[in-house]
>>> print(open('coords.pdb').read())   # PDB, C-alpha atoms, pLDDT in the B column
ATOM      1  CA  MET A1425      -1.814   9.700  18.668  1.00 82.00           C
ATOM      2  CA  TYR A1426      -0.802   6.793  16.449  1.00 89.00           C
ATOM      3  CA  LEU A1427      -2.132   8.768  13.456  1.00 92.00           C
ATOM      4  CA  ILE A1428       0.387  11.541  14.177  1.00 94.00           C
ATOM      5  CA  THR A1429       3.159   8.967  14.704  1.00 94.00           C
ATOM      6  CA  THR A1430       2.523   7.300  11.346  1.00 95.00           C
ATOM      7  CA  ILE A1431       2.278  10.679   9.555  1.00 96.00           C
ATOM      8  CA  VAL A1432       5.666  11.665  11.013  1.00 97.00           C
ATOM      9  CA  ALA A1433       7.077   8.218  10.075  1.00 97.00           C
ATOM     10  CA  THR A1434       5.743   8.679   6.516  1.00 96.00           C
ATOM     11  CA  ALA A1435       7.349  12.125   6.237  1.00 97.00           C
ATOM     12  CA  ILE A1436      10.707  10.801   7.504  1.00 97.00           C
ATOM     13  CA  SER A1437      10.630   7.775   5.180  1.00 97.00           C
ATOM     14  CA  VAL A1438       9.744   9.961   2.158  1.00 96.00           C
ATOM     15  CA  VAL A1439      12.654  12.318   2.958  1.00 97.00           C
ATOM     16  CA  LEU A1440      14.987   9.309   3.315  1.00 96.00           C
ATOM     17  CA  TRP A1441      13.645   7.848   0.053  1.00 95.00           C
ATOM     18  CA  ILE A1442      14.419  11.099  -1.784  1.00 94.00           C
ATOM     19  CA  PHE A1443      17.821  11.423  -0.069  1.00 94.00           C
ATOM     20  CA  PHE A1444      18.882   7.828  -0.874  1.00 95.00           C
ATOM     21  CA  LYS A1445      17.202   7.734  -4.294  1.00 90.00           C
ATOM     22  CA  ASP A1446      20.109   5.932  -5.968  1.00 91.00           C
ATOM     23  CA  ARG A1447      20.363   3.152  -3.380  1.00 91.00           C
ATOM     24  CA  LYS A1448      17.628   0.856  -4.705  1.00 89.00           C
ATOM     25  CA  GLY A1449      18.650  -1.999  -2.380  1.00 90.00           C
ATOM     26  CA  LEU A1450      17.325  -0.119   0.639  1.00 92.00           C
ATOM     27  CA  HIS A1451      13.734  -0.269  -0.740  1.00 94.00           C
ATOM     28  CA  LEU A1452      12.768   2.924   1.071  1.00 95.00           C
ATOM     29  CA  ASP A1453       9.803   3.269  -1.295  1.00 94.00           C
ATOM     30  CA  ILE A1454       8.307   0.232   0.447  1.00 95.00           C
ATOM     31  CA  LEU A1455       8.760   1.849   3.871  1.00 96.00           C
ATOM     32  CA  ALA A1456       7.079   5.048   2.642  1.00 96.00           C
ATOM     33  CA  VAL A1457       4.157   3.075   1.162  1.00 96.00           C
ATOM     34  CA  ILE A1458       3.712   1.049   4.386  1.00 97.00           C
ATOM     35  CA  PHE A1459       3.481   4.094   6.668  1.00 97.00           C
ATOM     36  CA  GLY A1460       1.653   6.203   4.043  1.00 97.00           C
ATOM     37  CA  ALA A1461      -1.093   3.599   3.616  1.00 96.00           C
ATOM     38  CA  ALA A1462      -1.565   3.236   7.391  1.00 96.00           C
ATOM     39  CA  SER A1463      -1.678   7.037   7.803  1.00 96.00           C
ATOM     40  CA  LEU A1464      -4.318   7.365   5.104  1.00 96.00           C
ATOM     41  CA  MET A1465      -6.432   4.585   6.620  1.00 95.00           C
ATOM     42  CA  TRP A1466      -6.286   6.100  10.109  1.00 95.00           C
ATOM     43  CA  LEU A1467      -7.009   9.528   8.657  1.00 95.00           C
ATOM     44  CA  ILE A1468     -10.239   8.162   7.161  1.00 95.00           C
ATOM     45  CA  ASP A1469     -11.026   6.489  10.506  1.00 93.00           C
ATOM     46  CA  SER A1470     -10.444   9.828  12.288  1.00 94.00           C
ATOM     47  CA  PHE A1471     -12.821  11.627   9.911  1.00 94.00           C
ATOM     48  CA  PHE A1472     -15.510   9.050  10.644  1.00 94.00           C
ATOM     49  CA  SER A1473     -14.949   9.380  14.415  1.00 92.00           C
ATOM     50  CA  LEU A1474     -15.135  13.167  14.028  1.00 93.00           C
ATOM     51  CA  ALA A1475     -18.477  12.789  12.264  1.00 93.00           C
ATOM     52  CA  SER A1476     -19.909  10.350  14.816  1.00 91.00           C
ATOM     53  CA  GLU A1477     -18.280  11.320  18.167  1.00 88.00           C
ATOM     54  CA  GLY A1478     -16.958  14.821  17.435  1.00 88.00           C
ATOM     55  CA  VAL A1479     -13.362  13.803  18.249  1.00 87.00           C
ATOM     56  CA  PHE A1480     -10.685  13.806  15.546  1.00 87.00           C
ATOM     57  CA  VAL A1481      -7.591  12.641  17.457  1.00 83.00           C
ATOM     58  CA  SER A1482      -7.776  11.361  21.024  1.00 79.00           C
ATOM     59  CA  PHE A1483      -4.881  11.531  23.497  1.00 82.00           C
ATOM     60  CA  THR A1484      -6.748  10.159  26.501  1.00 82.00           C
ATOM     61  CA  ASP A1485      -6.441   6.417  25.873  1.00 84.00           C
ATOM     62  CA  PRO A1486      -3.349   5.050  27.681  1.00 85.00           C
ATOM     63  CA  LYS A1487      -3.062   2.286  25.072  1.00 88.00           C
ATOM     64  CA  ASP A1488      -2.367   4.838  22.304  1.00 89.00           C
ATOM     65  CA  GLY A1489       1.344   5.059  23.123  1.00 90.00           C
ATOM     66  CA  TRP A1490       1.721   1.294  22.873  1.00 92.00           C
ATOM     67  CA  ILE A1491      -0.195   1.252  19.579  1.00 92.00           C
ATOM     68  CA  ALA A1492       2.117   3.961  18.184  1.00 93.00           C
ATOM     69  CA  LEU A1493       5.194   2.010  19.307  1.00 95.00           C
ATOM     70  CA  PHE A1494       3.996  -1.355  17.979  1.00 95.00           C
ATOM     71  CA  THR A1495       2.872   0.267  14.722  1.00 95.00           C
ATOM     72  CA  LEU A1496       6.390   1.602  14.160  1.00 96.00           C
ATOM     73  CA  ILE A1497       7.937  -1.751  15.064  1.00 96.00           C
ATOM     74  CA  GLY A1498       5.455  -3.599  12.809  1.00 96.00           C
ATOM     75  CA  GLY A1499       6.071  -1.257   9.868  1.00 96.00           C
ATOM     76  CA  LEU A1500       9.847  -1.490  10.222  1.00 97.00           C
ATOM     77  CA  PHE A1501       9.661  -5.281  10.582  1.00 96.00           C
ATOM     78  CA  ALA A1502       7.520  -5.566   7.404  1.00 96.00           C
ATOM     79  CA  TRP A1503       9.965  -3.320   5.526  1.00 96.00           C
ATOM     80  CA  LEU A1504      13.016  -5.346   6.676  1.00 96.00           C
ATOM     81  CA  LEU A1505      11.327  -8.626   5.777  1.00 96.00           C
ATOM     82  CA  LEU A1506      10.220  -7.435   2.312  1.00 95.00           C
ATOM     83  CA  SER A1507      13.625  -5.851   1.592  1.00 95.00           C
ATOM     84  CA  PHE A1508      15.368  -9.079   2.593  1.00 94.00           C
ATOM     85  CA  ILE A1509      13.075 -11.151   0.338  1.00 94.00           C
ATOM     86  CA  LEU A1510      13.383  -8.751  -2.634  1.00 93.00           C
ATOM     87  CA  ASN A1511      17.167  -8.434  -2.335  1.00 92.00           C
ATOM     88  CA  ASN A1512      17.595 -12.212  -2.082  1.00 91.00           C
ATOM     89  CA  SER A1513      15.287 -12.886  -5.043  1.00 88.00           C
ATOM     90  CA  ALA A1514      17.246 -10.320  -7.118  1.00 82.00           C
ATOM     91  CA  LYS A1515      20.512 -12.034  -6.146  1.00 80.00           C
ATOM     92  CA  SER A1516      19.229 -15.493  -7.067  1.00 80.00           C
ATOM     93  CA  SER A1517      17.876 -14.272 -10.437  1.00 76.00           C
ATOM     94  CA  ASN A1518      21.276 -12.686 -11.234  1.00 74.00           C
ATOM     95  CA  LYS A1519      23.119 -16.023 -10.626  1.00 68.00           C
TER      96      LYS A1519
ATOM     97  CA  MET B 157     -13.871  -3.132  14.713  1.00 76.00           C
ATOM     98  CA  ALA B 158     -13.074  -4.903  11.460  1.00 85.00           C
ATOM     99  CA  CYS B 159     -12.666  -2.094   8.938  1.00 88.00           C
ATOM    100  CA  PHE B 160      -9.245  -3.415   7.904  1.00 91.00           C
ATOM    101  CA  ALA B 161     -10.818  -6.691   6.700  1.00 93.00           C
ATOM    102  CA  ILE B 162     -12.185  -4.926   3.596  1.00 95.00           C
ATOM    103  CA  SER B 163      -8.704  -3.641   2.662  1.00 95.00           C
ATOM    104  CA  ALA B 164      -7.197  -7.071   3.341  1.00 96.00           C
ATOM    105  CA  GLY B 165      -9.830  -8.680   1.069  1.00 96.00           C
ATOM    106  CA  ALA B 166      -9.167  -6.092  -1.637  1.00 97.00           C
ATOM    107  CA  ALA B 167      -5.420  -6.785  -1.302  1.00 97.00           C
ATOM    108  CA  VAL B 168      -6.013 -10.493  -1.962  1.00 97.00           C
ATOM    109  CA  VAL B 169      -8.045  -9.633  -5.104  1.00 97.00           C
ATOM    110  CA  VAL B 170      -5.320  -7.220  -6.298  1.00 97.00           C
ATOM    111  CA  ALA B 171      -2.626  -9.865  -5.642  1.00 97.00           C
ATOM    112  CA  ALA B 172      -4.544 -12.406  -7.734  1.00 97.00           C
ATOM    113  CA  SER B 173      -5.086  -9.924 -10.571  1.00 96.00           C
ATOM    114  CA  LYS B 174      -1.383  -8.980 -10.436  1.00 96.00           C
ATOM    115  CA  TYR B 175      -0.383 -12.588 -11.147  1.00 95.00           C
ATOM    116  CA  VAL B 176      -2.885 -12.808 -14.029  1.00 96.00           C
ATOM    117  CA  VAL B 177      -1.576  -9.533 -15.526  1.00 95.00           C
ATOM    118  CA  ARG B 178       2.035 -10.712 -15.107  1.00 94.00           C
ATOM    119  CA  HIS B 179       1.201 -13.908 -16.989  1.00 94.00           C
ATOM    120  CA  PHE B 180      -0.189 -11.922 -19.930  1.00 93.00           C
ATOM    121  CA  GLU B 181       2.776  -9.529 -19.859  1.00 91.00           C
ATOM    122  CA  LYS B 182       5.199 -12.447 -20.100  1.00 91.00           C
ATOM    123  CA  LYS B 183       3.209 -13.865 -23.012  1.00 91.00           C
ATOM    124  CA  ALA B 184       3.294 -10.491 -24.789  1.00 89.00           C
ATOM    125  CA  GLU B 185       7.065 -10.200 -24.186  1.00 86.00           C
ATOM    126  CA  VAL B 186       7.692 -13.613 -25.739  1.00 88.00           C
ATOM    127  CA  LYS B 187       5.487 -12.683 -28.708  1.00 86.00           C
ATOM    128  CA  CYS B 188       7.323  -9.376 -29.135  1.00 82.00           C
ATOM    129  CA  ALA B 189      10.746 -11.046 -28.983  1.00 83.00           C
ATOM    130  CA  ALA B 190       9.676 -13.711 -31.489  1.00 82.00           C
ATOM    131  CA  SER B 191       8.384 -11.194 -34.021  1.00 80.00           C
ATOM    132  CA  ASN B 192      11.566  -9.057 -33.522  1.00 68.00           C
ATOM    133  CA  ASN B 193       9.651  -6.043 -34.709  1.00 61.00           C
ATOM    134  CA  GLU B 194      11.828  -2.988 -34.079  1.00 56.00           C
ATOM    135  CA  GLU B 195       8.896  -0.599 -34.279  1.00 52.00           C
ATOM    136  CA  THR B 196       7.001  -2.271 -31.457  1.00 52.00           C
ATOM    137  CA  ASN B 197      10.136  -2.316 -29.316  1.00 51.00           C
ATOM    138  CA  THR B 198      10.920   1.382 -29.693  1.00 55.00           C
ATOM    139  CA  ILE B 199       7.446   2.973 -29.538  1.00 55.00           C
ATOM    140  CA  ARG B 200       6.646   4.031 -25.979  1.00 69.00           C
ATOM    141  CA  LYS B 201       3.051   4.818 -25.082  1.00 79.00           C
ATOM    142  CA  PHE B 202       2.042   6.880 -22.053  1.00 80.00           C
ATOM    143  CA  GLY B 203       2.283   4.660 -18.993  1.00 78.00           C
ATOM    144  CA  SER B 204       4.107   1.815 -20.707  1.00 78.00           C
ATOM    145  CA  GLU B 205       7.523   2.497 -19.122  1.00 82.00           C
ATOM    146  CA  VAL B 206       6.546   0.634 -15.945  1.00 87.00           C
ATOM    147  CA  LYS B 207       4.743  -2.700 -16.142  1.00 90.00           C
ATOM    148  CA  VAL B 208       1.125  -2.824 -14.960  1.00 93.00           C
ATOM    149  CA  SER B 209       1.981  -5.769 -12.689  1.00 93.00           C
ATOM    150  CA  LYS B 210       4.598  -3.633 -10.903  1.00 93.00           C
ATOM    151  CA  LYS B 211       2.063  -0.838 -10.452  1.00 95.00           C
ATOM    152  CA  LEU B 212      -0.453  -3.323  -9.048  1.00 96.00           C
ATOM    153  CA  GLY B 213       2.295  -4.556  -6.721  1.00 95.00           C
ATOM    154  CA  TYR B 214       2.397  -1.129  -5.069  1.00 95.00           C
ATOM    155  CA  LEU B 215      -1.393  -1.155  -4.592  1.00 97.00           C
ATOM    156  CA  GLU B 216      -1.176  -4.650  -3.115  1.00 96.00           C
ATOM    157  CA  LEU B 217       1.604  -3.524  -0.758  1.00 96.00           C
ATOM    158  CA  ALA B 218      -0.348  -0.448   0.358  1.00 97.00           C
ATOM    159  CA  LEU B 219      -3.510  -2.454   1.070  1.00 97.00           C
ATOM    160  CA  PHE B 220      -1.699  -5.296   2.848  1.00 96.00           C
ATOM    161  CA  ALA B 221       0.566  -2.976   4.863  1.00 96.00           C
ATOM    162  CA  GLY B 222      -2.305  -0.730   5.931  1.00 95.00           C
ATOM    163  CA  SER B 223      -4.373  -3.739   6.985  1.00 96.00           C
ATOM    164  CA  PHE B 224      -1.419  -5.211   8.890  1.00 95.00           C
ATOM    165  CA  LEU B 225      -0.805  -2.032  10.917  1.00 96.00           C
ATOM    166  CA  LEU B 226      -4.529  -1.630  11.605  1.00 95.00           C
ATOM    167  CA  LEU B 227      -4.613  -5.279  12.711  1.00 95.00           C
ATOM    168  CA  ILE B 228      -1.937  -4.450  15.324  1.00 94.00           C
ATOM    169  CA  GLU B 229      -4.081  -1.550  16.560  1.00 93.00           C
ATOM    170  CA  HIS B 230      -7.191  -3.744  16.796  1.00 94.00           C
ATOM    171  CA  ILE B 231      -5.293  -6.457  18.693  1.00 94.00           C
ATOM    172  CA  ILE B 232      -4.006  -3.940  21.279  1.00 93.00           C
ATOM    173  CA  HIS B 233      -7.523  -2.488  21.625  1.00 91.00           C
ATOM    174  CA  GLY B 234      -8.748  -6.007  22.382  1.00 91.00           C
ATOM    175  CA  GLU B 235     -11.133  -6.092  19.415  1.00 91.00           C
ATOM    176  CA  ILE B 236      -9.573  -9.254  18.010  1.00 91.00           C
ATOM    177  CA  ILE B 237      -9.294 -12.527  19.929  1.00 89.00           C
ATOM    178  CA  PRO B 238      -7.371 -15.689  18.970  1.00 89.00           C
ATOM    179  CA  TYR B 239     -10.474 -17.949  19.119  1.00 87.00           C
ATOM    180  CA  PHE B 240     -13.898 -18.056  17.424  1.00 87.00           C
ATOM    181  CA  PRO B 241     -15.581 -15.672  16.503  1.00 86.00           C
ATOM    182  CA  PHE B 242     -12.195 -13.804  16.357  1.00 89.00           C
ATOM    183  CA  PHE B 243     -13.862 -10.382  16.568  1.00 90.00           C
ATOM    184  CA  THR B 244     -15.239  -9.438  20.026  1.00 90.00           C
ATOM    185  CA  ALA B 245     -17.984  -7.447  18.310  1.00 90.00           C
ATOM    186  CA  ALA B 246     -19.205 -10.606  16.544  1.00 89.00           C
ATOM    187  CA  ALA B 247     -20.161 -12.225  19.881  1.00 88.00           C
ATOM    188  CA  THR B 248     -23.533 -10.461  19.969  1.00 90.00           C
ATOM    189  CA  GLU B 249     -26.089  -9.800  17.230  1.00 92.00           C
ATOM    190  CA  LEU B 250     -26.069  -6.036  17.822  1.00 93.00           C
ATOM    191  CA  GLY B 251     -22.271  -6.007  17.779  1.00 92.00           C
ATOM    192  CA  THR B 252     -22.223  -7.936  14.503  1.00 92.00           C
ATOM    193  CA  GLN B 253     -24.590  -5.436  12.929  1.00 94.00           C
ATOM    194  CA  GLU B 254     -22.400  -2.551  14.113  1.00 92.00           C
ATOM    195  CA  MET B 255     -19.297  -4.305  12.827  1.00 93.00           C
ATOM    196  CA  LEU B 256     -20.806  -4.921   9.391  1.00 93.00           C
ATOM    197  CA  TYR B 257     -21.958  -1.304   9.227  1.00 94.00           C
ATOM    198  CA  GLU B 258     -18.439  -0.105  10.047  1.00 92.00           C
ATOM    199  CA  MET B 259     -16.968  -2.436   7.437  1.00 93.00           C
ATOM    200  CA  GLY B 260     -19.380  -1.074   4.836  1.00 94.00           C
ATOM    201  CA  THR B 261     -18.679   2.574   5.612  1.00 95.00           C
ATOM    202  CA  VAL B 262     -15.177   3.043   7.073  1.00 95.00           C
ATOM    203  CA  GLY B 263     -13.640  -0.074   5.475  1.00 95.00           C
ATOM    204  CA  VAL B 264     -14.899   0.658   1.971  1.00 96.00           C
ATOM    205  CA  THR B 265     -13.890   4.340   2.224  1.00 96.00           C
ATOM    206  CA  MET B 266     -10.394   3.336   3.395  1.00 96.00           C
ATOM    207  CA  THR B 267      -9.979   0.946   0.467  1.00 96.00           C
ATOM    208  CA  LEU B 268     -11.255   3.531  -2.030  1.00 97.00           C
ATOM    209  CA  ALA B 269      -8.949   6.217  -0.565  1.00 97.00           C
ATOM    210  CA  ILE B 270      -5.915   3.935  -0.876  1.00 97.00           C
ATOM    211  CA  THR B 271      -6.861   3.033  -4.458  1.00 97.00           C
ATOM    212  CA  PHE B 272      -7.432   6.699  -5.338  1.00 97.00           C
ATOM    213  CA  ALA B 273      -4.062   7.737  -3.818  1.00 96.00           C
ATOM    214  CA  TRP B 274      -2.361   4.895  -5.720  1.00 96.00           C
ATOM    215  CA  GLY B 275      -4.026   6.000  -8.964  1.00 96.00           C
ATOM    216  CA  ILE B 276      -2.798   9.569  -8.526  1.00 96.00           C
ATOM    217  CA  GLY B 277       0.707   8.319  -7.665  1.00 94.00           C
ATOM    218  CA  VAL B 278       0.814   6.100 -10.758  1.00 94.00           C
ATOM    219  CA  LEU B 279      -0.469   8.933 -12.963  1.00 95.00           C
ATOM    220  CA  ILE B 280       2.175  11.386 -11.690  1.00 94.00           C
ATOM    221  CA  SER B 281       4.976   8.818 -12.014  1.00 92.00           C
ATOM    222  CA  ASP B 282       3.859   7.913 -15.574  1.00 92.00           C
ATOM    223  CA  PHE B 283       3.660  11.571 -16.539  1.00 92.00           C
ATOM    224  CA  VAL B 284       7.203  12.280 -15.218  1.00 91.00           C
ATOM    225  CA  ARG B 285       8.637   9.265 -17.036  1.00 88.00           C
ATOM    226  CA  TYR B 286       6.766  10.087 -20.255  1.00 88.00           C
ATOM    227  CA  ARG B 287       8.048  13.680 -20.176  1.00 88.00           C
ATOM    228  CA  LYS B 288      11.629  12.459 -19.666  1.00 86.00           C
ATOM    229  CA  GLN B 289      11.268  10.036 -22.590  1.00 83.00           C
ATOM    230  CA  PHE B 290       9.663  12.713 -24.766  1.00 82.00           C
ATOM    231  CA  LYS B 291      12.503  15.183 -24.030  1.00 84.00           C
ATOM    232  CA  LYS B 292      15.123  12.522 -24.796  1.00 82.00           C
ATOM    233  CA  THR B 293      13.574  11.581 -28.159  1.00 81.00           C
ATOM    234  CA  SER B 294      13.082  15.232 -29.193  1.00 80.00           C
ATOM    235  CA  LYS B 295      16.749  15.936 -28.312  1.00 78.00           C
ATOM    236  CA  THR B 296      17.985  13.035 -30.450  1.00 77.00           C
ATOM    237  CA  GLN B 297      15.774  14.127 -33.363  1.00 72.00           C
ATOM    238  CA  ASP B 298      17.277  17.657 -33.214  1.00 69.00           C
TER     239      ASP B 298
END
>>> encode(input="coords.pdb", output="C-alpha cells")
Amino acid sequence: MYLITTIVATAISVVLWIFFKDRKGLHLDILAVIFGAASLMWLIDSFFSLASEGVFVSFTDPKDGWIALFTLIGGLFAWLLLSFILNNSAKSSNK
Amino acid sequence: MACFAISAGAAVVVAASKYVVRHFEKKAEVKCAASNNEETNTIRKFGSEVKVSKKLGYLELALFAGSFLLLIEHIIHGEIIPYFPFFTAAATELGTQEMLYEMGTVGVTMTLAITFAWGIGVLISDFVRYRKQFKKTSKTQD
C-alpha cells in the first residue's frame, strides 16, 4: 500500500515541479527525488517479494496505512528541512 | 530487514566523493580565472553545463531520502530496535544470515536501480541543455 502512496506522491510532486518550474525557492525537485527514490526502492522490494512469496503488493497488514502516512510525513519533513537549509544558505551567500 | 543500509552506505560514499569533486572543481575554476583564457570559458562540452558535484548531490539525495523512508517503514514493522544489536533479525545466527542475504540481493539491487535511474536522468538533462546551447550558438552564427 505504501508503494502506491509513494508513487502517487511522486506523480503529484513531479506535476507540481513542472507547474512551478520558475519558482526555484520551492525546491520541488527535491520533493520529487525523495518520493521517486523511495518508490523505486519499494518497487524493487516488491519484485523480490513477488519472486519469493508470490505477492507483489499486500493490503492485509494493518500497519501499512500507518507506514504510508508516516512515509508522507517523513518525506514532506525532509523536503521542508532541506528547502529551509538551502534557502538560508543562498541568502547568507548573497549577503 | 536491513536492505536500506546498503543505500545509506552508498550515500555516504557518494557524499564523500561529492566533496572531493567539488574541491577539484573549485581549483579548476581558480585556474581558469587566473589564465583568463576566453576560449576555455566559452567552449561548452556535452554535460559541462551542470557541475558534476551538483549531479552527485542529486544521487546523494536520492540514496539518503530512499534510505530514510525505508528506515521509517522498518521501524514501524518492528525490525529496528533502539538498543544493540539494533536489528531484530541480528539477534539469532539464522536471522543474521537471512539479513545479510537480503542486504546482498535486495539492498544492492535497490542501490543499483537508484544509480541507474540517476544516470538516465543526468543523461537526459545534459542532452536537453546541450541541444539548447547548440541551437543558441547556431542561431548567433547565422
>>> residues_around(input="coords.pdb", residues="Ile162 (chain B)", least_positions_apart="3", cutoff="9 Å", atoms="all atoms listed in the file", output="VMD selection string")
chain B and resid 158 to 159 165 to 167 223 259 to 260 263 to 264 266 to 267
>>> write_last_selection(input="coords.pdb", atoms="C-alpha atoms", output="PDB file, in the frame of the given file")
ATOM      1  CA  ALA B 158     -13.074  -4.903  11.460  1.00 85.00           C
ATOM      2  CA  CYS B 159     -12.666  -2.094   8.938  1.00 88.00           C
ATOM      3  CA  GLY B 165      -9.830  -8.680   1.069  1.00 96.00           C
ATOM      4  CA  ALA B 166      -9.167  -6.092  -1.637  1.00 97.00           C
ATOM      5  CA  ALA B 167      -5.420  -6.785  -1.302  1.00 97.00           C
ATOM      6  CA  SER B 223      -4.373  -3.739   6.985  1.00 96.00           C
ATOM      7  CA  MET B 259     -16.968  -2.436   7.437  1.00 93.00           C
ATOM      8  CA  GLY B 260     -19.380  -1.074   4.836  1.00 94.00           C
ATOM      9  CA  GLY B 263     -13.640  -0.074   5.475  1.00 95.00           C
ATOM     10  CA  VAL B 264     -14.899   0.658   1.971  1.00 96.00           C
ATOM     11  CA  MET B 266     -10.394   3.336   3.395  1.00 96.00           C
ATOM     12  CA  THR B 267      -9.979   0.946   0.467  1.00 96.00           C
TER      13      THR B 267
END
>>> atom_distance(input="coords.pdb", atom1="CA of Ala172 (chain B)", atom2="CA of Ser209 (chain B)")
10.5 Å
>>> atom_distance(input="coords.pdb", atom1="CA of Ile1454 (chain A)", atom2="CA of Ile1436 (chain A)")
12.9 Å
>>> resolve_selection(input="coords.pdb", expression="the ChimeraX specification (/A :<6) & /B", output="list in words")
Ala218, Ala221, Gly222, Leu225, Glu229 and Met266 of chain B
>>> closest_residue(input="coords.pdb", among="A:Val1479, A:His1451, A:Thr1484, A:Leu1493", to="Leu1510 (chain A)", atoms="all atoms listed in the file")
A:His1451
>>> atom_distance(input="coords.pdb", atom1="CA of Pro241 (chain B)", atom2="CA of Thr261 (chain B)")
21.5 Å
>>> residues_around(input="coords.pdb", residues="Ala246 (chain B)", least_positions_apart="6", cutoff="12 Å", atoms="only C-alpha atoms", output="number ranges by chain")
B: 157-158, 235-237, 239-240, 252-256
>>> resolve_selection(input="coords.pdb", expression="the PyMOL selection byres ((chain B and resi 285-293) around 12)", output="count of residues only")
21
>>> closest_residue(input="coords.pdb", among="B:Val176, B:Leu212, B:Val168, B:Ala189", to="Thr271 (chain B)", atoms="all atoms listed in the file")
B:Leu212
>>> decode(input="coords.pdb", residues="region 1460-1476 of chain A", atoms="N, CA and C atoms", output="short mmCIF file (atom, residue, chain, number, x, y, z; two decimals), in the first residue's frame")
data_model
loop_
_atom_site.label_atom_id
_atom_site.label_comp_id
_atom_site.auth_asym_id
_atom_site.auth_seq_id
_atom_site.Cartn_x
_atom_site.Cartn_y
_atom_site.Cartn_z
N GLY A 1460 10.39 9.79 -5.36
CA GLY A 1460 10.78 8.93 -6.50
C GLY A 1460 11.75 7.84 -6.08
N ALA A 1461 12.74 8.22 -5.27
CA ALA A 1461 13.74 7.24 -4.80
C ALA A 1461 13.09 6.17 -3.93
N ALA A 1462 12.20 6.61 -3.02
CA ALA A 1462 11.51 5.64 -2.14
C ALA A 1462 10.63 4.71 -2.96
N SER A 1463 9.94 5.26 -3.96
CA SER A 1463 9.07 4.44 -4.82
C SER A 1463 9.88 3.37 -5.54
N LEU A 1464 11.02 3.80 -6.09
CA LEU A 1464 11.87 2.86 -6.82
C LEU A 1464 12.40 1.75 -5.91
N MET A 1465 12.79 2.13 -4.69
CA MET A 1465 13.32 1.14 -3.75
C MET A 1465 12.24 0.14 -3.33
N TRP A 1466 11.02 0.64 -3.09
CA TRP A 1466 9.94 -0.28 -2.71
C TRP A 1466 9.47 -1.12 -3.88
N LEU A 1467 9.62 -0.55 -5.09
CA LEU A 1467 9.27 -1.32 -6.29
C LEU A 1467 10.19 -2.54 -6.43
N ILE A 1468 11.48 -2.31 -6.18
CA ILE A 1468 12.46 -3.40 -6.23
C ILE A 1468 12.13 -4.44 -5.15
N ASP A 1469 11.80 -3.93 -3.95
CA ASP A 1469 11.43 -4.81 -2.83
C ASP A 1469 10.20 -5.66 -3.19
N SER A 1470 9.23 -5.02 -3.87
CA SER A 1470 8.00 -5.73 -4.28
C SER A 1470 8.31 -6.81 -5.30
N PHE A 1471 9.23 -6.54 -6.22
CA PHE A 1471 9.62 -7.55 -7.21
C PHE A 1471 10.27 -8.75 -6.54
N PHE A 1472 11.09 -8.48 -5.53
CA PHE A 1472 11.73 -9.58 -4.80
C PHE A 1472 10.70 -10.38 -4.00
N SER A 1473 9.71 -9.68 -3.41
CA SER A 1473 8.67 -10.41 -2.66
C SER A 1473 7.77 -11.20 -3.61
N LEU A 1474 7.59 -10.69 -4.83
CA LEU A 1474 6.82 -11.42 -5.84
C LEU A 1474 7.56 -12.71 -6.22
N ALA A 1475 8.87 -12.59 -6.33
CA ALA A 1475 9.68 -13.76 -6.71
C ALA A 1475 9.72 -14.81 -5.60
N SER A 1476 9.77 -14.33 -4.33
CA SER A 1476 9.91 -15.30 -3.23
C SER A 1476 8.58 -15.77 -2.66
#
